[in-house]
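K.L.:
Structure file protein.cif (mmCIF, C-alpha atoms) right here:
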```cif
data_my_file
loop_
_atom_site.group_PDB
_atom_site.id
_atom_site.type_symbol
_atom_site.label_atom_id
_atom_site.label_comp_id
_atom_site.auth_asym_id
_atom_site.auth_seq_id
_atom_site.Cartn_x
_atom_site.Cartn_y
_atom_site.Cartn_z
ATOM 1 C CA MET V 1 -5.412 -0.011 10.852
ATOM 2 C CA VAL V 2 -7.084 3.040 12.361
ATOM 3 C CA GLU V 3 -10.035 4.854 10.844
ATOM 4 C CA LYS V 4 -11.259 8.357 11.555
ATOM 5 C CA THR V 5 -14.878 9.445 11.129
ATOM 6 C CA ILE V 6 -15.975 12.999 10.391
ATOM 7 C CA GLU V 7 -19.382 14.550 9.804
ATOM 8 C CA LEU V 8 -20.127 16.550 6.666
ATOM 9 C CA THR V 9 -23.236 18.079 5.121
ATOM 10 C CA GLY V 10 -23.899 17.926 1.384
ATOM 11 C CA THR V 11 -26.545 20.049 -0.312
ATOM 12 C CA SER V 12 -28.249 19.542 -3.675
ATOM 13 C CA ALA V 13 -31.274 20.916 -5.457
ATOM 14 C CA ASN V 14 -31.541 17.669 -7.442
ATOM 15 C CA SER V 15 -31.647 14.697 -5.054
ATOM 16 C CA ILE V 16 -30.540 13.098 -1.811
ATOM 17 C CA GLU V 17 -28.108 10.924 -3.768
ATOM 18 C CA ASP V 18 -26.519 14.005 -5.364
ATOM 19 C CA ALA V 19 -26.117 15.606 -1.940
ATOM 20 C CA VAL V 20 -24.325 12.494 -0.613
ATOM 21 C CA ASN V 21 -22.125 12.248 -3.723
ATOM 22 C CA LEU V 22 -21.203 15.927 -3.427
ATOM 23 C CA ALA V 23 -20.099 15.505 0.202
ATOM 24 C CA VAL V 24 -17.976 12.457 -0.679
ATOM 25 C CA ALA V 25 -16.472 14.017 -3.817
ATOM 26 C CA ARG V 26 -15.549 17.232 -2.020
ATOM 27 C CA ALA V 27 -13.975 15.324 0.872
ATOM 28 C CA ALA V 28 -12.002 13.145 -1.559
ATOM 29 C CA VAL V 29 -10.169 16.255 -2.793
ATOM 30 C CA THR V 30 -8.233 16.431 0.489
ATOM 31 C CA ILE V 31 -8.829 13.061 2.187
ATOM 32 C CA GLU V 32 -7.341 9.783 0.977
ATOM 33 C CA ASN V 33 -8.535 6.237 1.694
ATOM 34 C CA ILE V 34 -12.239 6.992 2.175
ATOM 35 C CA ARG V 35 -13.846 3.679 3.073
ATOM 36 C CA ASN V 36 -17.416 4.308 4.137
ATOM 37 C CA VAL V 37 -20.190 6.871 4.182
ATOM 38 C CA ARG V 38 -23.257 6.641 6.423
ATOM 39 C CA VAL V 39 -26.298 8.902 6.044
ATOM 40 C CA LEU V 40 -27.134 10.339 9.461
ATOM 41 C CA GLU V 41 -29.859 12.825 8.648
ATOM 42 C CA VAL V 42 -31.890 14.070 5.668
ATOM 43 C CA ASN V 43 -33.576 17.471 5.562
ATOM 44 C CA ALA V 44 -35.182 19.515 2.834
ATOM 45 C CA SER V 45 -35.963 23.178 2.452
ATOM 46 C CA ILE V 46 -39.323 23.988 0.888
ATOM 47 C CA ASP V 47 -40.150 26.774 -1.552
ATOM 48 C CA ASN V 48 -43.594 27.251 -3.124
ATOM 49 C CA ALA V 49 -44.852 23.949 -1.674
ATOM 50 C CA ALA V 50 -42.023 21.922 -3.267
ATOM 51 C CA VAL V 51 -38.600 20.678 -2.215
ATOM 52 C CA ALA V 52 -36.087 23.360 -3.159
ATOM 53 C CA GLN V 53 -32.961 21.786 -1.712
ATOM 54 C CA TRP V 54 -31.873 18.545 -0.035
ATOM 55 C CA ARG V 55 -29.424 18.667 2.901
ATOM 56 C CA VAL V 56 -27.816 15.394 3.928
ATOM 57 C CA LYS V 57 -25.606 14.973 7.007
ATOM 58 C CA VAL V 58 -23.172 12.076 6.545
ATOM 59 C CA ALA V 59 -20.506 10.326 8.599
ATOM 60 C CA LEU V 60 -17.465 9.710 6.435
ATOM 61 C CA SER V 61 -14.810 7.198 7.520
ATOM 62 C CA PHE V 62 -11.263 7.004 6.193
ATOM 63 C CA VAL V 63 -8.061 5.156 7.031
ATOM 64 C CA VAL V 64 -5.504 7.165 9.001
ATOM 65 C CA ALA V 65 -2.118 7.000 7.285
ATOM 66 C CA GLU V 66 0.660 5.163 9.093
ATOM 67 C CA ARG V 67 3.643 7.453 9.647
ATOM 68 C CA LEU V 68 6.417 5.973 11.690
ATOM 69 C CA HIS V 69 9.189 8.266 12.947
ATOM 70 C CA GLU V 70 9.406 10.789 10.140
#
```
Using structure tokens, write down the structure that the file contains.
P.N.:
Amino acid sequence: MVEKTIELTGTSANSIEDAVNLAVARAAVTIENIRNVRVLEVNASIDNAAVAQWRVKVALSFVVAERLHE
């Protein structure tokens, strides 16, 4: 088995968890066999002395499909 890891950034006005879930859900539209997500970085933009938006950089790992001599 071979896995590939890519980096994505999810953004949410609600929470860090929502930002991670958004990144995974969006990736799952085009990527099969997602196995793992690791949070690499969390940032927030501030507006009027409050968190306006969460930005979460994640590393997403998925299994590379086996394709033998198509």
K.L.:
Would you mind telling me which residue in V:Arg35, V:Ala25, V:Asp18, V:Thr11 lies nearest to Phe62 (chain V) when using only C-alpha atoms?
P.N.:
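With only C-alpha atoms as the atom set, the closest residue is V:Arg35.
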K.L.:
Under the PyMOL selection byres ((chain V and resi 45-55) around 7), which residues of this model are included? Write them out as a VMD selection string.
P.N.:
chain V and resid 9 to 13 15 to 16 19 42 to 44 56 to 57
K.L.:
For the file shown, report as a list in words the outcome of the PyMOL selection byres ((chain V and resi 3) around 8) at residue level.
P.N.:
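Here the PyMOL selection byres ((chain V and resi 3) around 8) matches Met1, Val2, Lys4, Thr5, Ser61, Phe62, Val63 and Val64 of chain V.
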K.L.:
Would you work out the distance separating CA of Thr30 (chain V) from CA of Arg67 (chain V), expressed in Å to one decimal?
P.N.:
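Going from CA of Thr30 (chain V) over to CA of Arg67 (chain V) covers 17.5 Å.
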K.L.:
Residue by residue, what does the PyMOL selection byres ((chain V and resi 38) around 9) grab here? Present the result as a PDB file with C-alpha atoms, in the coordinates of the input.
P.N.:
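Saved to selection_8.pdb:
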```
ATOM      1  CA  ASN V  36     -17.416   4.308   4.137  1.00  0.00           C
ATOM      2  CA  VAL V  37     -20.190   6.871   4.182  1.00  0.00           C
ATOM      3  CA  VAL V  39     -26.298   8.902   6.044  1.00  0.00           C
ATOM      4  CA  LEU V  40     -27.134  10.339   9.461  1.00  0.00           C
ATOM      5  CA  LYS V  57     -25.606  14.973   7.007  1.00  0.00           C
ATOM      6  CA  VAL V  58     -23.172  12.076   6.545  1.00  0.00           C
ATOM      7  CA  ALA V  59     -20.506  10.326   8.599  1.00  0.00           C
ATOM      8  CA  LEU V  60     -17.465   9.710   6.435  1.00  0.00           C
ATOM      9  CA  SER V  61     -14.810   7.198   7.520  1.00  0.00           C
TER      10      SER V  61
END
```
K.L.:
Show me, as AutoDock Vina command-line options, the centre and edge lengths in Å to one decimal of the axis-aligned box that covers every listed atom of region 30-40 of chain V with 4 Å on each side.
P.N.:
```
--center_x -17.2 --center_y 10.1 --center_z 5.0 --size_x 27.8 --size_y 20.8 --size_z 17.0
```
K.L.:
May I ask for the distance between CA of Glu41 (chain V) and CA of Asn21 (chain V), given in Å to one decimal place?
P.N.:
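Interatomic distance here is 14.6 Å.
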K.L.:
Go through V:Ile34, V:Val29, V:Ala23, V:Ala65 one by one, measure the shortest atom-to-atom distance of each to Glu7 (chain V) using all atoms listed in the file, and give the residue with the smallest value.
P.N.:
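Closest candidate: V:Ala23.
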